[in-house]
$ cat my_file-v3.cif   # mmCIF, C-alpha atoms
data_structure
loop_
_atom_site.group_PDB
_atom_site.id
_atom_site.type_symbol
_atom_site.label_atom_id
_atom_site.label_comp_id
_atom_site.auth_asym_id
_atom_site.auth_seq_id
_atom_site.Cartn_x
_atom_site.Cartn_y
_atom_site.Cartn_z
ATOM 1 C CA GLN F 1 0.000 0.000 0.000
ATOM 2 C CA VAL F 2 1.386 3.364 -1.041
ATOM 3 C CA GLN F 3 1.499 6.127 1.531
ATOM 4 C CA LEU F 4 2.683 9.695 1.140
ATOM 5 C CA VAL F 5 3.061 11.704 4.335
ATOM 6 C CA GLU F 6 3.749 15.422 4.181
ATOM 7 C CA SER F 7 5.328 17.478 6.940
ATOM 8 C CA GLY F 8 6.983 20.833 7.440
ATOM 9 C CA GLY F 9 4.058 23.182 6.995
ATOM 10 C CA GLY F 10 3.341 26.012 9.402
ATOM 11 C CA SER F 11 2.781 29.713 9.826
ATOM 12 C CA VAL F 12 5.424 32.210 8.798
ATOM 13 C CA GLN F 13 5.659 35.896 8.008
ATOM 14 C CA ALA F 14 6.116 37.136 4.477
ATOM 15 C CA GLY F 15 9.719 36.735 3.396
ATOM 16 C CA GLY F 16 10.215 33.667 5.525
ATOM 17 C CA SER F 17 11.071 30.118 4.533
ATOM 18 C CA LEU F 18 9.696 26.634 5.003
ATOM 19 C CA ARG F 19 10.819 23.218 3.849
ATOM 20 C CA LEU F 20 8.139 20.682 3.095
ATOM 21 C CA SER F 21 8.925 16.975 3.150
ATOM 22 C CA CYS F 22 6.998 14.045 1.728
ATOM 23 C CA ALA F 23 7.962 10.609 2.991
ATOM 24 C CA ALA F 24 6.952 7.827 0.623
ATOM 25 C CA SER F 25 6.328 4.217 1.509
ATOM 26 C CA GLY F 26 5.123 1.421 -0.723
ATOM 27 C CA LEU F 27 6.865 2.934 -3.724
ATOM 28 C CA THR F 28 10.388 3.989 -4.528
ATOM 29 C CA SER F 29 10.888 7.668 -5.270
ATOM 30 C CA SER F 30 13.604 6.751 -7.728
ATOM 31 C CA GLY F 31 10.979 5.066 -9.889
ATOM 32 C CA SER F 32 8.279 7.704 -9.743
ATOM 33 C CA CYS F 33 7.542 11.133 -11.084
ATOM 34 C CA MET F 34 6.525 13.153 -8.035
ATOM 35 C CA GLY F 35 5.052 16.572 -7.544
ATOM 36 C CA TRP F 36 3.696 19.211 -5.200
ATOM 37 C CA PHE F 37 0.275 20.768 -5.553
ATOM 38 C CA ARG F 38 -1.482 23.420 -3.516
ATOM 39 C CA GLN F 39 -5.030 24.503 -2.942
ATOM 40 C CA ALA F 40 -6.097 27.768 -1.374
ATOM 41 C CA PRO F 41 -9.615 28.274 0.023
ATOM 42 C CA GLY F 42 -12.088 28.891 -2.789
ATOM 43 C CA LYS F 43 -9.542 28.119 -5.485
ATOM 44 C CA GLU F 44 -8.775 25.120 -7.672
ATOM 45 C CA ARG F 45 -5.849 22.887 -6.900
ATOM 46 C CA GLU F 46 -2.787 23.909 -8.872
ATOM 47 C CA GLY F 47 0.467 22.197 -9.677
ATOM 48 C CA VAL F 48 3.435 23.913 -8.063
ATOM 49 C CA ALA F 49 6.374 21.691 -8.967
ATOM 50 C CA ARG F 50 7.273 18.249 -10.217
ATOM 51 C CA ILE F 51 10.431 16.166 -10.552
ATOM 52 C CA SER F 52 11.225 13.159 -12.701
ATOM 53 C CA ARG F 53 12.104 9.791 -11.237
ATOM 54 C CA ASP F 54 15.824 10.327 -11.805
ATOM 55 C CA GLY F 55 15.711 13.959 -10.712
ATOM 56 C CA ARG F 56 17.064 15.269 -13.999
ATOM 57 C CA TYR F 57 13.843 17.029 -14.942
ATOM 58 C CA THR F 58 12.206 19.591 -12.718
ATOM 59 C CA TYR F 59 9.355 21.978 -13.310
ATOM 60 C CA LEU F 60 8.200 24.970 -11.285
ATOM 61 C CA VAL F 61 5.123 27.032 -11.988
ATOM 62 C CA ASP F 62 5.953 30.631 -12.903
ATOM 63 C CA ALA F 63 4.545 32.017 -9.651
ATOM 64 C CA VAL F 64 7.209 30.257 -7.585
ATOM 65 C CA LYS F 65 10.226 30.279 -9.900
ATOM 66 C CA GLY F 66 13.256 31.760 -8.205
ATOM 67 C CA ARG F 67 11.732 31.165 -4.759
ATOM 68 C CA PHE F 68 10.918 27.446 -4.522
ATOM 69 C CA THR F 69 13.091 24.421 -5.213
ATOM 70 C CA ILE F 70 11.937 20.827 -5.633
ATOM 71 C CA SER F 71 14.287 17.965 -4.881
ATOM 72 C CA LYS F 72 14.276 14.420 -3.650
ATOM 73 C CA ASP F 73 16.514 12.067 -1.763
ATOM 74 C CA ASN F 74 15.987 8.654 -3.291
ATOM 75 C CA ALA F 75 18.005 6.984 -0.552
ATOM 76 C CA LYS F 76 15.475 8.294 1.961
ATOM 77 C CA ASN F 77 12.491 7.927 -0.360
ATOM 78 C CA THR F 78 11.619 11.531 0.415
ATOM 79 C CA LEU F 79 10.489 14.463 -1.707
ATOM 80 C CA TYR F 80 11.182 18.054 -0.663
ATOM 81 C CA LEU F 81 9.936 21.528 -1.471
ATOM 82 C CA GLN F 82 12.164 24.344 -0.248
ATOM 83 C CA MET F 83 10.135 27.537 -0.121
ATOM 84 C CA ASN F 84 11.920 30.859 0.294
ATOM 85 C CA SER F 85 10.719 34.455 0.133
ATOM 86 C CA LEU F 86 7.220 33.325 0.959
ATOM 87 C CA LYS F 87 4.300 35.576 0.106
ATOM 88 C CA PRO F 88 0.743 35.702 1.468
ATOM 89 C CA ASP F 89 -0.410 34.362 -1.917
ATOM 90 C CA ASP F 90 1.481 31.143 -1.138
ATOM 91 C CA THR F 91 -0.977 30.390 1.662
ATOM 92 C CA ALA F 92 -2.604 27.038 0.873
ATOM 93 C CA MET F 93 -2.797 23.370 1.724
ATOM 94 C CA TYR F 94 0.168 21.713 0.046
ATOM 95 C CA TYR F 95 -0.107 18.151 -1.254
ATOM 96 C CA CYS F 96 2.491 15.643 -2.342
ATOM 97 C CA ALA F 97 1.636 13.361 -5.259
ATOM 98 C CA ALA F 98 3.276 10.491 -7.102
ATOM 99 C CA ARG F 99 2.710 8.547 -10.298
ATOM 100 C CA ARG F 100 2.898 4.817 -10.711
ATOM 101 C CA VAL F 101 6.180 3.424 -11.944
ATOM 102 C CA GLY F 102 6.549 3.092 -15.684
ATOM 103 C CA VAL F 103 3.437 4.980 -16.790
ATOM 104 C CA TRP F 104 3.309 7.105 -19.940
ATOM 105 C CA PRO F 105 3.635 9.979 -20.728
ATOM 106 C CA PRO F 106 6.797 10.898 -18.832
ATOM 107 C CA CYS F 107 7.034 13.507 -16.109
ATOM 108 C CA SER F 108 8.115 16.206 -18.553
ATOM 109 C CA GLN F 109 4.845 15.874 -20.505
ATOM 110 C CA ILE F 110 2.229 15.955 -17.765
ATOM 111 C CA SER F 111 0.587 18.807 -15.938
ATOM 112 C CA ARG F 112 -2.812 17.752 -14.589
ATOM 113 C CA ASP F 113 -3.488 16.458 -11.106
ATOM 114 C CA SER F 114 -5.523 13.628 -12.645
ATOM 115 C CA GLU F 115 -2.294 12.193 -14.023
ATOM 116 C CA TYR F 116 -1.060 11.351 -10.525
ATOM 117 C CA ASP F 117 -2.013 8.103 -8.835
ATOM 118 C CA TYR F 118 -1.167 8.649 -5.180
ATOM 119 C CA TRP F 119 -1.755 11.587 -2.864
ATOM 120 C CA GLY F 120 -0.825 12.633 0.629
ATOM 121 C CA GLN F 121 -3.156 14.222 3.153
ATOM 122 C CA GLY F 122 -1.612 17.658 2.853
ATOM 123 C CA THR F 123 0.206 20.116 5.074
ATOM 124 C CA GLN F 124 -0.982 23.669 5.689
ATOM 125 C CA VAL F 125 1.196 26.651 4.852
ATOM 126 C CA THR F 126 0.065 30.069 6.077
ATOM 127 C CA VAL F 127 1.985 33.228 5.226
ATOM 128 C CA SER F 128 1.064 36.449 6.978
ATOM 129 C CA SER F 129 1.869 39.936 5.744
#
$ encode --input "my_file-v3.cif" --output "structure tokens"
Amino acid sequence: QVQLVESGGGSVQAGGSLRLSCAASGLTSSGSCMGWFRQAPGKEREGVARISRDGRYTYLVDAVKGRFTISKDNAKNTLYLQMNSLKPDDTAMYYCAARRVGVWPPCSQISRDSEYDYWGQGTQVTVSS
């Protein structure tokens, strides 16, 4: 059974930093495209970042480029999202997601949340001005 467990959320002031972690069990991060999504109250869930199984491909949505970094430690089976220079607009529930091993299309060609197979419960990030 696949489980994704997020941690690291919290409340910070604008300009602050947080590091989100997503511990995976039941799948190997080295075999899966993984991503971070967020959903603010009253808004649709949006993709924030994704990383290919080998880590060579990464994608960040324009709103977070230059501030967020996605990475993973395959030895620890853990996905990370380093968030710097946080803004109030970053306030949302953040979710970790993963795709099944070996599915097509590859990580570089997907964008929709429906293309992910496994989801965590989320961790709340609140940024105050």
$ resolve_selection --input "my_file-v3.cif" --expression "the PyMOL selection byres ((chain F and resi 51-56) around 6)" --output "count of residues only"
9
$ resolve_selection --input "my_file-v3.cif" --expression "the PyMOL selection byres ((chain F and resi 1-6) around 7)" --output "mmCIF file with C-alpha atoms, in the frame of the given file"
data_model
loop_
_atom_site.group_PDB
_atom_site.id
_atom_site.type_symbol
_atom_site.label_atom_id
_atom_site.label_comp_id
_atom_site.auth_asym_id
_atom_site.auth_seq_id
_atom_site.Cartn_x
_atom_site.Cartn_y
_atom_site.Cartn_z
ATOM 1 C CA SER F 7 5.328 17.478 6.940
ATOM 2 C CA LEU F 20 8.139 20.682 3.095
ATOM 3 C CA SER F 21 8.925 16.975 3.150
ATOM 4 C CA CYS F 22 6.998 14.045 1.728
ATOM 5 C CA ALA F 23 7.962 10.609 2.991
ATOM 6 C CA ALA F 24 6.952 7.827 0.623
ATOM 7 C CA SER F 25 6.328 4.217 1.509
ATOM 8 C CA GLY F 26 5.123 1.421 -0.723
ATOM 9 C CA LEU F 27 6.865 2.934 -3.724
ATOM 10 C CA CYS F 96 2.491 15.643 -2.342
ATOM 11 C CA TRP F 119 -1.755 11.587 -2.864
ATOM 12 C CA GLY F 120 -0.825 12.633 0.629
ATOM 13 C CA GLN F 121 -3.156 14.222 3.153
ATOM 14 C CA GLY F 122 -1.612 17.658 2.853
ATOM 15 C CA THR F 123 0.206 20.116 5.074
#
$ atom_distance --input "my_file-v3.cif" --atom1 "atom CA of F:Arg45" --atom2 "atom CA of F:Thr126"
16.0 Å
$ residues_around --input "my_file-v3.cif" --residues "F:Lys65" --least-positions-apart "3" --cutoff "12 Å" --atoms "only C-alpha atoms" --output "tab-separated table (two decimals) with C-alpha atoms, in the coordinates of the input"
chain	number	residue	atom	x	y	z
F	48	VAL	CA	3.44	23.91	-8.06
F	49	ALA	CA	6.37	21.69	-8.97
F	58	THR	CA	12.21	19.59	-12.72
F	59	TYR	CA	9.36	21.98	-13.31
F	60	LEU	CA	8.20	24.97	-11.28
F	61	VAL	CA	5.12	27.03	-11.99
F	62	ASP	CA	5.95	30.63	-12.90
F	68	PHE	CA	10.92	27.45	-4.52
F	69	THR	CA	13.09	24.42	-5.21
F	70	ILE	CA	11.94	20.83	-5.63
F	82	GLN	CA	12.16	24.34	-0.25
F	83	MET	CA	10.14	27.54	-0.12
F	84	ASN	CA	11.92	30.86	0.29
F	85	SER	CA	10.72	34.46	0.13
F	86	LEU	CA	7.22	33.33	0.96
$ atom_distance --input "my_file-v3.cif" --atom1 "atom CA of F:Arg100" --atom2 "atom CA of F:Val64"
26.0 Å
$ atom_distance --input "my_file-v3.cif" --atom1 "atom CA of F:Ser29" --atom2 "atom CA of F:Ala63"
25.5 Å
$ resolve_selection --input "my_file-v3.cif" --expression "the PyMOL selection byres ((chain F and resi 125) around 9)" --output "list in words"
Gly8, Gly9, Gly10, Ser11, Val12, Leu18, Asp90, Thr91, Ala92, Met93, Tyr94, Thr123, Gln124, Thr126 and Val127 of chain F
$ residues_around --input "my_file-v3.cif" --residues "F:Glu44" --least-positions-apart "4" --cutoff "12 Å" --atoms "only C-alpha atoms" --output "PyMOL selection string"
chain F and resi 37-40+92-93+112-113
$ axis_aligned_box --input "my_file-v3.cif" --around "stretch 104-107 of chain F" --padding-each-side "3 Å" --output "JSON"
{"center_x": 5.2, "center_y": 10.3, "center_z": -18.4, "size_x": 9.7, "size_y": 12.4, "size_z": 10.6}
$ closest_residue --input "my_file-v3.cif" --among "F:Thr28, F:Gly35, F:Ser17, F:Ser129" --to "F:Lys76" --atoms "all atoms listed in the file"
F:Thr28
$ residues_around --input "my_file-v3.cif" --residues "F:Ser128" --least-positions-apart "5" --cutoff "7 Å" --atoms "only C-alpha atoms" --output "list in words"
Val12, Gln13, Ala14 and Pro88 of chain F
$ build_atoms --input "my_file-v3.cif" --residues "stretch 64-98 of chain F" --atoms "N, CA and C atoms" --output "tab-separated table (two decimals), in the coordinates of the input"
chain	number	residue	atom	x	y	z
F	64	VAL	N	6.26	30.61	-8.65
F	64	VAL	CA	7.21	30.26	-7.58
F	64	VAL	C	8.64	30.16	-8.08
F	65	LYS	N	8.86	30.35	-9.36
F	65	LYS	CA	10.23	30.28	-9.90
F	65	LYS	C	11.12	31.31	-9.22
F	66	GLY	N	12.32	30.88	-8.88
F	66	GLY	CA	13.26	31.76	-8.20
F	66	GLY	C	13.08	31.78	-6.70
F	67	ARG	N	11.98	31.17	-6.20
F	67	ARG	CA	11.73	31.16	-4.76
F	67	ARG	C	11.65	29.74	-4.20
F	68	PHE	N	11.09	28.83	-4.96
F	68	PHE	CA	10.92	27.45	-4.52
F	68	PHE	C	11.88	26.53	-5.26
F	69	THR	N	12.25	25.45	-4.60
F	69	THR	CA	13.09	24.42	-5.21
F	69	THR	C	12.52	23.05	-4.87
F	70	ILE	N	12.38	22.20	-5.87
F	70	ILE	CA	11.94	20.83	-5.63
F	70	ILE	C	13.14	19.90	-5.75
F	71	SER	N	13.20	18.93	-4.85
F	71	SER	CA	14.29	17.96	-4.88
F	71	SER	C	13.81	16.68	-4.22
F	72	LYS	N	14.60	15.65	-4.36
F	72	LYS	CA	14.28	14.42	-3.65
F	72	LYS	C	15.54	13.66	-3.30
F	73	ASP	N	15.44	12.93	-2.23
F	73	ASP	CA	16.51	12.07	-1.76
F	73	ASP	C	16.02	10.63	-1.94
F	74	ASN	N	16.48	10.00	-3.00
F	74	ASN	CA	15.99	8.65	-3.29
F	74	ASN	C	16.43	7.64	-2.24
F	75	ALA	N	17.55	7.89	-1.61
F	75	ALA	CA	18.00	6.98	-0.55
F	75	ALA	C	17.05	7.01	0.63
F	76	LYS	N	16.42	8.15	0.85
F	76	LYS	CA	15.48	8.29	1.96
F	76	LYS	C	14.03	8.17	1.48
F	77	ASN	N	13.84	8.01	0.19
F	77	ASN	CA	12.49	7.93	-0.36
F	77	ASN	C	11.65	9.14	0.02
F	78	THR	N	12.26	10.30	-0.06
F	78	THR	CA	11.62	11.53	0.42
F	78	THR	C	11.71	12.63	-0.63
F	79	LEU	N	10.60	13.32	-0.81
F	79	LEU	CA	10.49	14.46	-1.71
F	79	LEU	C	10.49	15.73	-0.87
F	80	TYR	N	11.11	16.79	-1.40
F	80	TYR	CA	11.18	18.05	-0.66
F	80	TYR	C	10.68	19.22	-1.52
F	81	LEU	N	10.23	20.25	-0.83
F	81	LEU	CA	9.94	21.53	-1.47
F	81	LEU	C	10.48	22.62	-0.56
F	82	GLN	N	11.58	23.22	-0.99
F	82	GLN	CA	12.16	24.34	-0.25
F	82	GLN	C	11.48	25.62	-0.72
F	83	MET	N	10.89	26.33	0.21
F	83	MET	CA	10.14	27.54	-0.12
F	83	MET	C	10.76	28.72	0.56
F	84	ASN	N	11.30	29.64	-0.22
F	84	ASN	CA	11.92	30.86	0.29
F	84	ASN	C	11.11	32.08	-0.15
F	85	SER	N	11.38	33.19	0.48
F	85	SER	CA	10.72	34.46	0.13
F	85	SER	C	9.21	34.26	0.03
F	86	LEU	N	8.65	33.64	1.01
F	86	LEU	CA	7.22	33.33	0.96
F	86	LEU	C	6.36	34.58	0.96
F	87	LYS	N	5.25	34.47	0.24
F	87	LYS	CA	4.30	35.58	0.11
F	87	LYS	C	2.93	35.13	0.64
F	88	PRO	N	2.09	36.08	1.02
F	88	PRO	CA	0.74	35.70	1.47
F	88	PRO	C	-0.01	34.87	0.42
F	89	ASP	N	0.25	35.13	-0.85
F	89	ASP	CA	-0.41	34.36	-1.92
F	89	ASP	C	0.00	32.89	-1.94
F	90	ASP	N	1.06	32.55	-1.22
F	90	ASP	CA	1.48	31.14	-1.14
F	90	ASP	C	0.67	30.36	-0.10
F	91	THR	N	-0.16	31.05	0.65
F	91	THR	CA	-0.98	30.39	1.66
F	91	THR	C	-1.91	29.37	1.02
F	92	ALA	N	-1.81	28.12	1.46
F	92	ALA	CA	-2.60	27.04	0.87
F	92	ALA	C	-2.31	25.74	1.62
F	93	MET	N	-3.12	24.73	1.31
F	93	MET	CA	-2.80	23.37	1.72
F	93	MET	C	-1.90	22.80	0.62
F	94	TYR	N	-0.78	22.26	1.01
F	94	TYR	CA	0.17	21.71	0.05
F	94	TYR	C	0.11	20.18	0.08
F	95	TYR	N	0.01	19.59	-1.11
F	95	TYR	CA	-0.11	18.15	-1.25
F	95	TYR	C	1.06	17.57	-2.05
F	96	CYS	N	1.50	16.43	-1.62
F	96	CYS	CA	2.49	15.64	-2.34
F	96	CYS	C	1.76	14.61	-3.19
F	97	ALA	N	2.26	14.35	-4.38
F	97	ALA	CA	1.64	13.36	-5.26
F	97	ALA	C	2.71	12.56	-5.99
F	98	ALA	N	2.34	11.36	-6.39
F	98	ALA	CA	3.28	10.49	-7.10
F	98	ALA	C	2.54	9.69	-8.18
